[in-house]
file run_2.cif (mmCIF, C-alpha atoms and all ligand atoms)
data_target
loop_
_atom_site.label_atom_id
_atom_site.label_comp_id
_atom_site.auth_asym_id
_atom_site.auth_seq_id
_atom_site.Cartn_x
_atom_site.Cartn_y
_atom_site.Cartn_z
CA MET A 1 165.92 266.16 -0.82
CA PRO A 2 165.00 262.73 0.66
CA LYS A 3 167.08 261.77 3.71
CA ASP A 4 168.64 258.77 1.94
CA SER A 5 169.80 260.96 -0.93
CA GLU A 6 171.25 263.47 1.48
CA GLN A 7 173.15 260.73 3.23
CA LEU A 8 174.34 259.29 -0.09
CA ARG A 9 175.43 262.72 -1.25
CA ALA A 10 177.33 263.38 2.02
CA THR A 11 179.01 259.99 1.85
CA LEU A 12 179.90 260.41 -1.80
CA LEU A 13 181.31 263.88 -1.25
CA ALA A 14 183.35 262.74 1.76
CA TYR A 15 184.73 259.90 -0.30
CA VAL A 16 185.57 262.14 -3.24
CA GLU A 17 187.27 264.51 -0.82
CA THR A 18 189.39 261.64 0.51
CA LEU A 19 190.41 260.80 -3.03
CA ARG A 20 191.04 264.44 -3.91
CA ARG A 21 193.31 264.78 -0.88
CA ALA A 22 195.01 261.57 -1.96
CA GLY A 23 195.98 263.37 -5.15
CA ARG A 24 193.40 261.77 -7.42
CA ARG A 25 192.14 264.12 -10.09
CA SER A 26 189.40 262.07 -11.71
CA VAL A 27 186.97 259.40 -10.66
CA ARG A 28 185.26 256.62 -12.52
CA LEU A 29 181.56 256.10 -11.95
CA ARG A 30 179.18 253.26 -12.63
CA PRO A 31 176.92 254.23 -15.55
CA GLY A 32 173.90 253.98 -13.20
CA TRP A 33 175.44 256.44 -10.77
CA ARG A 34 175.79 258.99 -13.48
CA LYS A 35 172.03 259.21 -13.91
CA GLY A 36 171.58 259.76 -10.17
CA LEU A 37 174.16 262.48 -9.87
CA PRO A 38 172.32 265.48 -11.32
CA SER A 39 169.50 264.99 -8.83
CA LEU A 40 172.09 264.85 -6.05
CA SER A 41 173.40 268.20 -7.33
CA ILE A 42 177.00 267.66 -6.37
CA PRO A 43 178.66 271.04 -6.04
CA GLN A 44 181.58 271.93 -8.24
CA GLN A 45 184.78 270.96 -6.47
CA GLU A 46 188.14 272.00 -7.67
CA GLY A 47 189.88 269.19 -9.48
CA VAL A 48 187.11 266.60 -9.29
CA SER A 49 184.06 268.20 -10.82
CA GLU A 50 184.91 267.57 -14.45
CA SER A 51 185.62 263.93 -14.07
CA LEU A 52 182.67 263.36 -11.71
CA SER A 53 180.42 263.73 -14.69
CA ASP A 54 182.79 261.69 -16.81
CA ALA A 55 181.40 258.29 -15.91
CA ARG A 56 183.56 255.40 -16.94
CA ALA A 57 183.81 252.54 -14.45
CA PRO A 58 182.96 251.44 -10.89
CA LEU A 59 184.14 253.26 -7.82
CA PRO A 60 186.58 251.15 -5.84
CA THR A 61 185.17 248.44 -3.63
CA ALA A 62 187.18 246.07 -1.48
CA LYS A 63 187.47 242.56 -2.85
CA ALA A 64 188.10 240.01 -0.13
CA PRO A 65 189.12 241.33 3.29
CA PHE A 66 192.75 240.96 4.33
CA GLN A 67 193.33 238.71 1.34
CA GLU A 68 195.28 239.12 -1.82
CA PRO A 69 193.14 241.11 -4.27
CA THR A 70 191.76 238.76 -6.92
CA SER A 71 191.95 241.35 -9.66
CA GLU A 72 193.68 244.65 -10.22
CA PRO A 73 192.73 247.19 -7.53
CA ALA A 74 189.80 249.34 -8.62
CA SER A 75 191.68 252.57 -8.25
CA LEU A 76 191.07 255.97 -9.73
CA PRO A 77 193.49 257.32 -12.32
CA SER A 78 195.67 260.25 -11.47
CA SER A 79 195.60 262.89 -14.16
CA GLY A 80 199.09 264.10 -13.37
CA SER A 81 197.83 267.65 -13.01
CA SER A 82 199.64 269.95 -10.59
CA GLU A 83 199.00 269.57 -6.87
CA PRO A 84 197.37 272.28 -4.79
CA THR A 85 199.87 274.56 -3.09
CA ASP A 86 199.19 273.31 0.43
CA GLN A 87 199.86 269.77 -0.72
CA SER A 88 203.19 270.83 -2.22
CA GLU A 89 203.96 272.62 1.01
CA SER A 90 203.27 269.47 3.03
CA SER A 91 205.42 267.46 0.62
CA ARG A 92 208.21 270.01 0.92
CA ARG A 93 208.09 270.04 4.71
CA LEU A 94 207.97 266.26 4.87
CA GLU A 95 210.95 266.00 2.54
CA ALA A 96 212.92 268.49 4.66
CA LEU A 97 212.08 266.46 7.76
CA ARG A 98 213.00 263.24 5.97
CA GLN A 99 216.42 264.67 5.18
CA THR A 100 216.89 265.69 8.82
CA THR A 101 216.01 262.24 10.10
CA ALA A 102 218.23 260.57 7.50
CA GLY A 103 221.30 261.82 9.36
CA CYS A 104 219.92 261.40 12.87
CA ARG A 105 222.37 260.03 15.45
CA ARG A 106 220.36 260.70 18.60
CA CYS A 107 220.55 257.00 19.47
CA ALA A 108 224.14 256.10 18.56
CA HIS A 109 223.51 252.38 19.01
CA LEU A 110 220.61 252.46 16.53
CA ALA A 111 222.43 254.70 14.06
CA GLY A 112 225.30 252.22 14.04
CA PHE A 113 223.02 249.25 13.50
CA ARG A 114 220.55 250.48 10.90
CA SER A 115 220.99 250.17 7.14
CA GLN A 116 218.96 253.33 6.71
CA VAL A 117 216.38 255.49 8.44
CA VAL A 118 212.81 254.39 7.66
CA PHE A 119 210.98 257.70 7.61
CA GLY A 120 207.42 257.02 6.48
CA VAL A 121 205.48 256.74 3.28
CA GLY A 122 202.20 257.83 1.75
CA ASN A 123 200.01 260.76 1.01
CA PRO A 124 201.36 264.02 2.51
CA HIS A 125 197.75 265.09 2.98
CA ALA A 126 196.34 261.80 4.20
CA ARG A 127 193.15 261.83 6.25
CA LEU A 128 194.28 258.60 7.88
CA LEU A 129 197.68 257.81 9.38
CA PHE A 130 198.78 254.40 10.61
CA THR A 131 201.69 254.06 12.96
CA GLY A 132 203.49 250.94 14.03
CA GLU A 133 206.36 250.61 16.47
CA ALA A 134 209.62 250.27 14.52
CA PRO A 135 211.03 248.95 11.26
CA GLY A 136 211.82 245.26 11.01
CA ALA A 137 214.55 243.65 8.92
CA GLU A 138 212.73 244.03 5.60
CA GLU A 139 211.77 247.64 6.30
CA ASP A 140 215.40 248.40 7.25
CA ARG A 141 216.50 246.88 3.95
CA GLN A 142 213.92 248.63 1.76
CA GLY A 143 213.70 251.94 3.64
CA GLU A 144 209.90 251.78 3.79
CA PRO A 145 207.61 250.97 6.72
CA PHE A 146 205.39 247.91 6.70
CA VAL A 147 206.74 246.10 3.65
CA GLY A 148 207.42 242.74 5.37
CA PRO A 149 204.78 240.10 6.17
CA ALA A 150 202.93 242.33 8.68
CA GLY A 151 203.07 245.15 6.15
CA LYS A 152 201.51 243.01 3.45
CA LEU A 153 198.65 242.27 5.83
CA LEU A 154 198.32 245.98 6.65
CA THR A 155 198.11 246.73 2.92
CA ARG A 156 195.26 244.23 2.58
CA MET A 157 193.50 245.80 5.55
CA ILE A 158 193.75 249.20 3.87
CA GLN A 159 192.41 247.74 0.63
CA ALA A 160 189.51 246.13 2.52
CA MET A 161 188.60 249.67 3.57
CA GLY A 162 188.31 250.59 -0.12
CA LEU A 163 191.56 252.57 -0.05
CA GLN A 164 195.03 252.09 -1.43
CA ARG A 165 198.30 252.31 0.46
CA GLU A 166 199.04 255.59 -1.35
CA ASP A 167 195.85 257.16 0.03
CA VAL A 168 197.02 256.94 3.66
CA TYR A 169 200.25 257.68 5.49
CA ILE A 170 202.24 254.90 7.16
CA ALA A 171 204.94 255.53 9.75
CA ASN A 172 206.51 254.16 12.90
CA ILE A 173 207.31 255.58 16.31
CA LEU A 174 210.96 254.60 15.83
CA LYS A 175 212.62 255.43 12.53
CA CYS A 176 215.49 252.97 13.04
CA ARG A 177 215.40 249.22 13.37
CA PRO A 178 216.03 248.26 17.02
CA ASP A 179 219.47 246.70 17.26
CA LEU A 180 220.08 243.06 18.10
CA PRO A 181 223.22 241.07 18.86
CA ALA A 182 224.77 239.69 15.66
CA GLY A 183 223.02 236.58 14.43
CA THR A 184 219.92 237.08 16.61
CA PRO A 185 216.79 236.45 14.57
CA GLY A 186 213.57 238.43 14.85
CA ASN A 187 212.96 241.89 16.17
CA ARG A 188 213.33 243.71 19.46
CA LYS A 189 210.66 245.90 21.02
CA PRO A 190 211.83 249.53 21.20
CA THR A 191 212.61 250.78 24.71
CA PRO A 192 210.57 253.67 26.20
CA GLU A 193 213.71 255.85 26.01
CA GLU A 194 214.22 255.10 22.32
CA MET A 195 210.58 255.89 21.61
CA GLU A 196 210.69 259.12 23.59
CA THR A 197 213.83 260.19 21.72
CA CYS A 198 212.30 259.50 18.30
CA LEU A 199 208.72 260.60 18.96
CA PRO A 200 209.32 264.27 18.02
CA TYR A 201 209.81 263.14 14.40
CA LEU A 202 206.44 261.39 14.29
CA ARG A 203 204.84 264.36 16.06
CA GLU A 204 206.23 266.62 13.34
CA GLN A 205 204.99 264.26 10.60
CA ILE A 206 201.52 264.39 12.15
CA ALA A 207 201.68 268.17 12.47
CA ILE A 208 202.51 268.46 8.75
CA ILE A 209 200.03 265.89 7.44
CA ARG A 210 197.23 266.80 9.85
CA PRO A 211 195.37 263.49 9.54
CA GLU A 212 191.80 263.29 10.78
CA VAL A 213 192.40 259.92 12.40
CA ILE A 214 195.51 258.12 13.65
CA VAL A 215 195.49 254.35 14.05
CA ALA A 216 198.05 253.01 16.53
CA LEU A 217 198.98 249.48 15.55
CA GLY A 218 199.70 247.47 18.67
CA ALA A 219 200.44 248.06 22.31
CA THR A 220 203.94 249.43 21.74
CA ALA A 221 202.77 252.07 19.27
CA LEU A 222 200.02 253.05 21.68
CA GLU A 223 202.49 253.29 24.55
CA GLY A 224 204.94 255.29 22.44
CA LEU A 225 202.27 257.81 21.48
CA THR A 226 200.38 258.12 24.74
CA GLY A 227 202.47 256.57 27.50
CA LEU A 228 199.50 254.28 28.21
CA ARG A 229 200.50 250.79 29.23
CA LYS A 230 197.00 249.50 29.71
CA GLY A 231 196.44 246.38 27.64
CA ILE A 232 195.71 246.91 23.97
CA SER A 233 192.85 244.39 24.38
CA THR A 234 191.18 246.86 26.74
CA LEU A 235 191.81 250.02 24.76
CA ARG A 236 191.39 248.80 21.19
CA GLY A 237 188.29 250.13 19.52
CA THR A 238 188.12 253.22 21.74
CA PHE A 239 188.92 256.62 20.30
CA LEU A 240 191.58 258.39 22.39
CA ASP A 241 193.16 261.75 21.71
CA PHE A 242 196.63 262.50 20.43
CA GLN A 243 197.23 266.22 20.65
CA GLY A 244 193.78 267.00 19.28
CA THR A 245 193.65 264.17 16.71
CA PRO A 246 191.42 261.14 17.32
CA LEU A 247 193.62 258.13 17.96
CA LEU A 248 192.29 254.61 17.62
CA PRO A 249 194.37 251.73 18.96
CA THR A 250 194.00 248.30 17.43
CA PHE A 251 195.98 245.09 17.32
CA HIS A 252 199.23 245.00 15.36
CA PRO A 253 198.97 243.03 12.09
CA SER A 254 201.85 240.80 13.21
CA TYR A 255 199.69 239.73 16.16
CA LEU A 256 197.04 238.62 13.67
CA LEU A 257 199.68 236.72 11.73
CA HIS A 258 200.84 234.89 14.84
CA LYS A 259 197.32 234.22 16.10
CA PRO A 260 195.17 233.53 13.07
CA ASP A 261 191.83 233.69 14.86
CA LEU A 262 188.72 234.86 13.05
CA ARG A 263 187.42 236.69 16.14
CA LEU A 264 190.62 238.71 16.36
CA LYS A 265 190.36 239.64 12.70
CA ARG A 266 186.77 240.70 13.29
CA GLN A 267 187.85 242.89 16.21
CA VAL A 268 190.44 244.63 14.07
CA TRP A 269 187.93 244.96 11.28
CA GLU A 270 185.38 246.51 13.66
CA ASP A 271 188.05 249.03 14.66
CA LEU A 272 188.63 249.85 11.00
CA LEU A 273 184.88 250.20 10.44
CA LEU A 274 184.89 252.81 13.22
CA VAL A 275 187.63 254.64 11.38
CA MET A 276 185.69 254.47 8.12
CA GLU A 277 182.59 255.85 9.84
CA ARG A 278 184.64 258.66 11.38
CA LEU A 279 185.98 259.53 7.92
CA ASN A 280 182.56 259.18 6.30
CA LEU A 281 183.87 256.55 3.91
CA PRO A 282 181.24 254.44 2.18
CA ILE A 283 180.66 251.04 3.82
CA SER A 284 178.86 248.30 1.94
CA GLU A 285 176.76 245.62 3.61
CA ARG A 286 179.36 243.15 2.48
CA GLN A 287 182.11 245.12 4.19
CA ARG A 288 180.04 245.31 7.39
CA GLY A 289 179.84 241.54 7.44
CA TYR A 290 183.52 240.69 7.03
CA PHE A 291 184.74 238.07 9.54
CA LEU A 292 181.39 237.63 11.24
CA THR A 293 181.13 234.16 12.72
CA LYS A 294 177.86 232.28 12.80
CA ASP A 295 177.91 231.61 16.57
N1 LIG A 301 206.12 246.40 12.37
C1 LIG A 301 206.07 247.70 12.68
O1 LIG A 301 205.63 248.08 13.76
N2 LIG A 301 206.51 248.55 11.77
C2 LIG A 301 206.95 248.19 10.56
O2 LIG A 301 207.31 249.05 9.77
C3 LIG A 301 206.98 246.82 10.26
C4 LIG A 301 206.56 245.94 11.17
#

call {"tool": "encode", "arguments": {"input": "run_2.cif", "output": "structure tokens"}}
result
Amino acid sequence: MPKDSEQLRATLLAYVETLRRAGRRSVRLRPGWRKGLPSLSIPQQEGVSESLSDARAPLPTAKAPFQEPTSEPASLPSSGSSEPTDQSESSRRLEALRQTTAGCRRCAHLAGFRSQVVFGVGNPHARLLFTGEAPGAEEDRQGEPFVGPAGKLLTRMIQAMGLQREDVYIANILKCRPDLPAGTPGNRKPTPEEMETCLPYLREQIAIIRPEVIVALGATALEGLTGLRKGISTLRGTFLDFQGTPLLPTFHPSYLLHKPDLRLKRQVWEDLLLVMERLNLPISERQRGYFLTKD
């Protein structure tokens, strides 16, 4: 088989595997791809083989990076068929852990302040896990991480990678919103003690999900996971290790919101390209060029 075809086949299979693990049970293919597939001799894979030959529409591609999608996301339909057992097992263990955290009072001051525990959201079998530092006001209200302004940007970053929010897992080091004196606007950075107290929950989430890559969003998330206080500017874009799982630090989306600088966006995007390469996700030329400046 020519080298290019081998590479295409490997990339396609890795991508299909990502989707399969995301719970997708069928994929849509461009008509042209269909012709190419027999010569690529894609092996039969449980749950995806039938629909691989059932070409209907394009595979997902990112629209504009970190921007509102201009049309409906090009996602793959879920057939609603039953999940593999290990996926159900992960879901069951995550749900049990979620119930444990829901009543957590390890930090009495946080338990008294929060509206609810913000456990985490996403695919129980995700290959990619993002972690931030702690819920903000909107997350505390909705019970879901990254749903405020920074979360909307994170969602667009995920879509720029050709994925959907439901394909990955999103969590925080702290499951409770850091308390603030009444009437104080904004958010407070979690203390090292609070993070240390809560970290076992995230560790357990990671142990259940077993992602292939963890992305630490921002200096606080990096410090909470690794204890490293070296500047995020120095460590971003370098794969570290978190208990055997590659950990990539990058800037927090809220930093990008406060400092709308194209070079910063490019740096974050380069970090995400590294993640995509590590996961063997397809990367188009267009995606490679996002946020490149002319100078
Ligand atoms: N910032 C975080 O670190 N986590 C959230 O969930 C929201 C904003």

call {"tool": "closest_atom_pairs", "arguments": {"input": "run_2.cif", "of": "chain A", "to": "ligand LIG 301 (chain A)", "cutoff": "9 Å", "atoms": "all atoms listed in the file", "output": "Markdown table"}}
result
| residue | atom | partner | partner_atom | distance |
| --- | --- | --- | --- | --- |
| A:Val118 | CA | A:LIG301 | O2 | 8.0 |
| A:Gly120 | CA | A:LIG301 | O2 | 8.6 |
| A:Thr131 | CA | A:LIG301 | O1 | 7.2 |
| A:Gly132 | CA | A:LIG301 | O1 | 3.6 |
| A:Glu133 | CA | A:LIG301 | O1 | 3.8 |
| A:Ala134 | CA | A:LIG301 | N2 | 4.5 |
| A:Pro135 | CA | A:LIG301 | O2 | 4.0 |
| A:Gly136 | CA | A:LIG301 | C3 | 5.1 |
| A:Ala137 | CA | A:LIG301 | C3 | 8.3 |
| A:Glu138 | CA | A:LIG301 | C3 | 7.9 |
| A:Glu139 | CA | A:LIG301 | O2 | 5.8 |
| A:Asp140 | CA | A:LIG301 | O2 | 8.5 |
| A:Glu144 | CA | A:LIG301 | O2 | 7.1 |
| A:Pro145 | CA | A:LIG301 | O2 | 3.6 |
| A:Phe146 | CA | A:LIG301 | O2 | 3.8 |
| A:Val147 | CA | A:LIG301 | C3 | 6.7 |
| A:Gly148 | CA | A:LIG301 | C3 | 6.4 |
| A:Pro149 | CA | A:LIG301 | C4 | 7.9 |
| A:Ala150 | CA | A:LIG301 | C4 | 5.7 |
| A:Gly151 | CA | A:LIG301 | C3 | 5.9 |
| A:Ile170 | CA | A:LIG301 | O2 | 8.2 |
| A:Ala171 | CA | A:LIG301 | O2 | 6.9 |
| A:Asn172 | CA | A:LIG301 | N2 | 5.7 |
| A:Ile173 | CA | A:LIG301 | O1 | 8.1 |
| A:Leu174 | CA | A:LIG301 | N2 | 8.5 |
| A:Lys175 | CA | A:LIG301 | O2 | 8.7 |
| A:Arg177 | CA | A:LIG301 | O2 | 8.9 |
| A:Leu217 | CA | A:LIG301 | O1 | 7.0 |
| A:Gly218 | CA | A:LIG301 | O1 | 7.7 |
| A:Thr220 | CA | A:LIG301 | O1 | 8.3 |
| A:Ala221 | CA | A:LIG301 | O1 | 7.4 |
| A:His252 | CA | A:LIG301 | O1 | 7.3 |
| A:Pro253 | CA | A:LIG301 | N1 | 7.9 |
| A:Ser254 | CA | A:LIG301 | N1 | 7.1 |

call {"tool": "closest_residue", "arguments": {"input": "run_2.cif", "among": "A:Phe119, A:Phe239, A:Tyr255, A:Phe291", "to": "A:Val275", "atoms": "only C-alpha atoms"}}
result
A:Phe239

call {"tool": "closest_residue", "arguments": {"input": "run_2.cif", "among": "A:Leu94, A:Leu240, A:Leu235, A:Val213", "to": "A:Met276", "atoms": "only C-alpha atoms"}}
result
A:Val213

call {"tool": "residues_around", "arguments": {"input": "run_2.cif", "residues": "stretch 261-270 of chain A", "least_positions_apart": "5", "cutoff": "8 Å", "atoms": "all atoms listed in the file", "output": "number ranges by chain"}}
result
A: 237, 250-251, 256, 290-293

call {"tool": "atom_distance", "arguments": {"input": "run_2.cif", "atom1": "atom CA of A:Gln116", "atom2": "atom CA of A:Ile158"}}
result
25.7 Å

call {"tool": "atom_distance", "arguments": {"input": "run_2.cif", "atom1": "atom CA of A:Ser88", "atom2": "atom CA of A:Pro124"}}
result
8.5 Å

call {"tool": "atom_distance", "arguments": {"input": "run_2.cif", "atom1": "atom CA of A:Glu277", "atom2": "atom CA of A:Leu199"}}
result
28.1 Å

call {"tool": "axis_aligned_box", "arguments": {"input": "run_2.cif", "around": "stretch 264-280 of chain A", "padding_each_side": "3 Å", "output": "JSON"}}
result
{"center_x": 186.6, "center_y": 249.1, "center_z": 11.3, "size_x": 14.1, "size_y": 26.8, "size_z": 16.1}

call {"tool": "residues_around", "arguments": {"input": "run_2.cif", "residues": "A:Arg165", "least_positions_apart": "4", "cutoff": "8 Å", "atoms": "all atoms listed in the file", "output": "list in words"}}
result
Gly122, Thr155, Ile158, Gln159 and Tyr169 of chain A

call {"tool": "closest_residue", "arguments": {"input": "run_2.cif", "among": "A:Leu225, A:Val117, A:Cys176, A:Leu154", "to": "A:Arg203", "atoms": "all atoms listed in the file"}}
result
A:Leu225

call {"tool": "residues_around", "arguments": {"input": "run_2.cif", "residues": "A:Pro249", "least_positions_apart": "6", "cutoff": "6 Å", "atoms": "all atoms listed in the file", "output": "PyMOL selection string"}}
result
chain A and resi 215-216+236

call {"tool": "closest_atom_pairs", "arguments": {"input": "run_2.cif", "of": "stretch 231-287 of chain A", "to": "stretch 206-212 of chain A", "cutoff": "10 Å", "atoms": "only C-alpha atoms", "output": "tab-separated table"}}
result
residue	atom	partner	partner_atom	distance
A:Phe242	CA	A:Ile206	CA	9.8
A:Gln243	CA	A:Ala207	CA	9.5
A:Gly244	CA	A:Glu212	CA	9.5
A:Thr245	CA	A:Glu212	CA	6.3
A:Pro246	CA	A:Glu212	CA	6.9
A:Leu247	CA	A:Glu212	CA	9.0
A:Val275	CA	A:Glu212	CA	9.6
A:Arg278	CA	A:Glu212	CA	8.5
A:Leu279	CA	A:Glu212	CA	7.5

call {"tool": "closest_residue", "arguments": {"input": "run_2.cif", "among": "A:Glu166, A:Glu194, A:Asn187, A:Met161", "to": "A:Arg105", "atoms": "all atoms listed in the file"}}
result
A:Glu194

call {"tool": "closest_residue", "arguments": {"input": "run_2.cif", "among": "A:Val121, A:Pro190, A:Cys198, A:Ser115", "to": "A:Glu95", "atoms": "only C-alpha atoms"}}
result
A:Val121
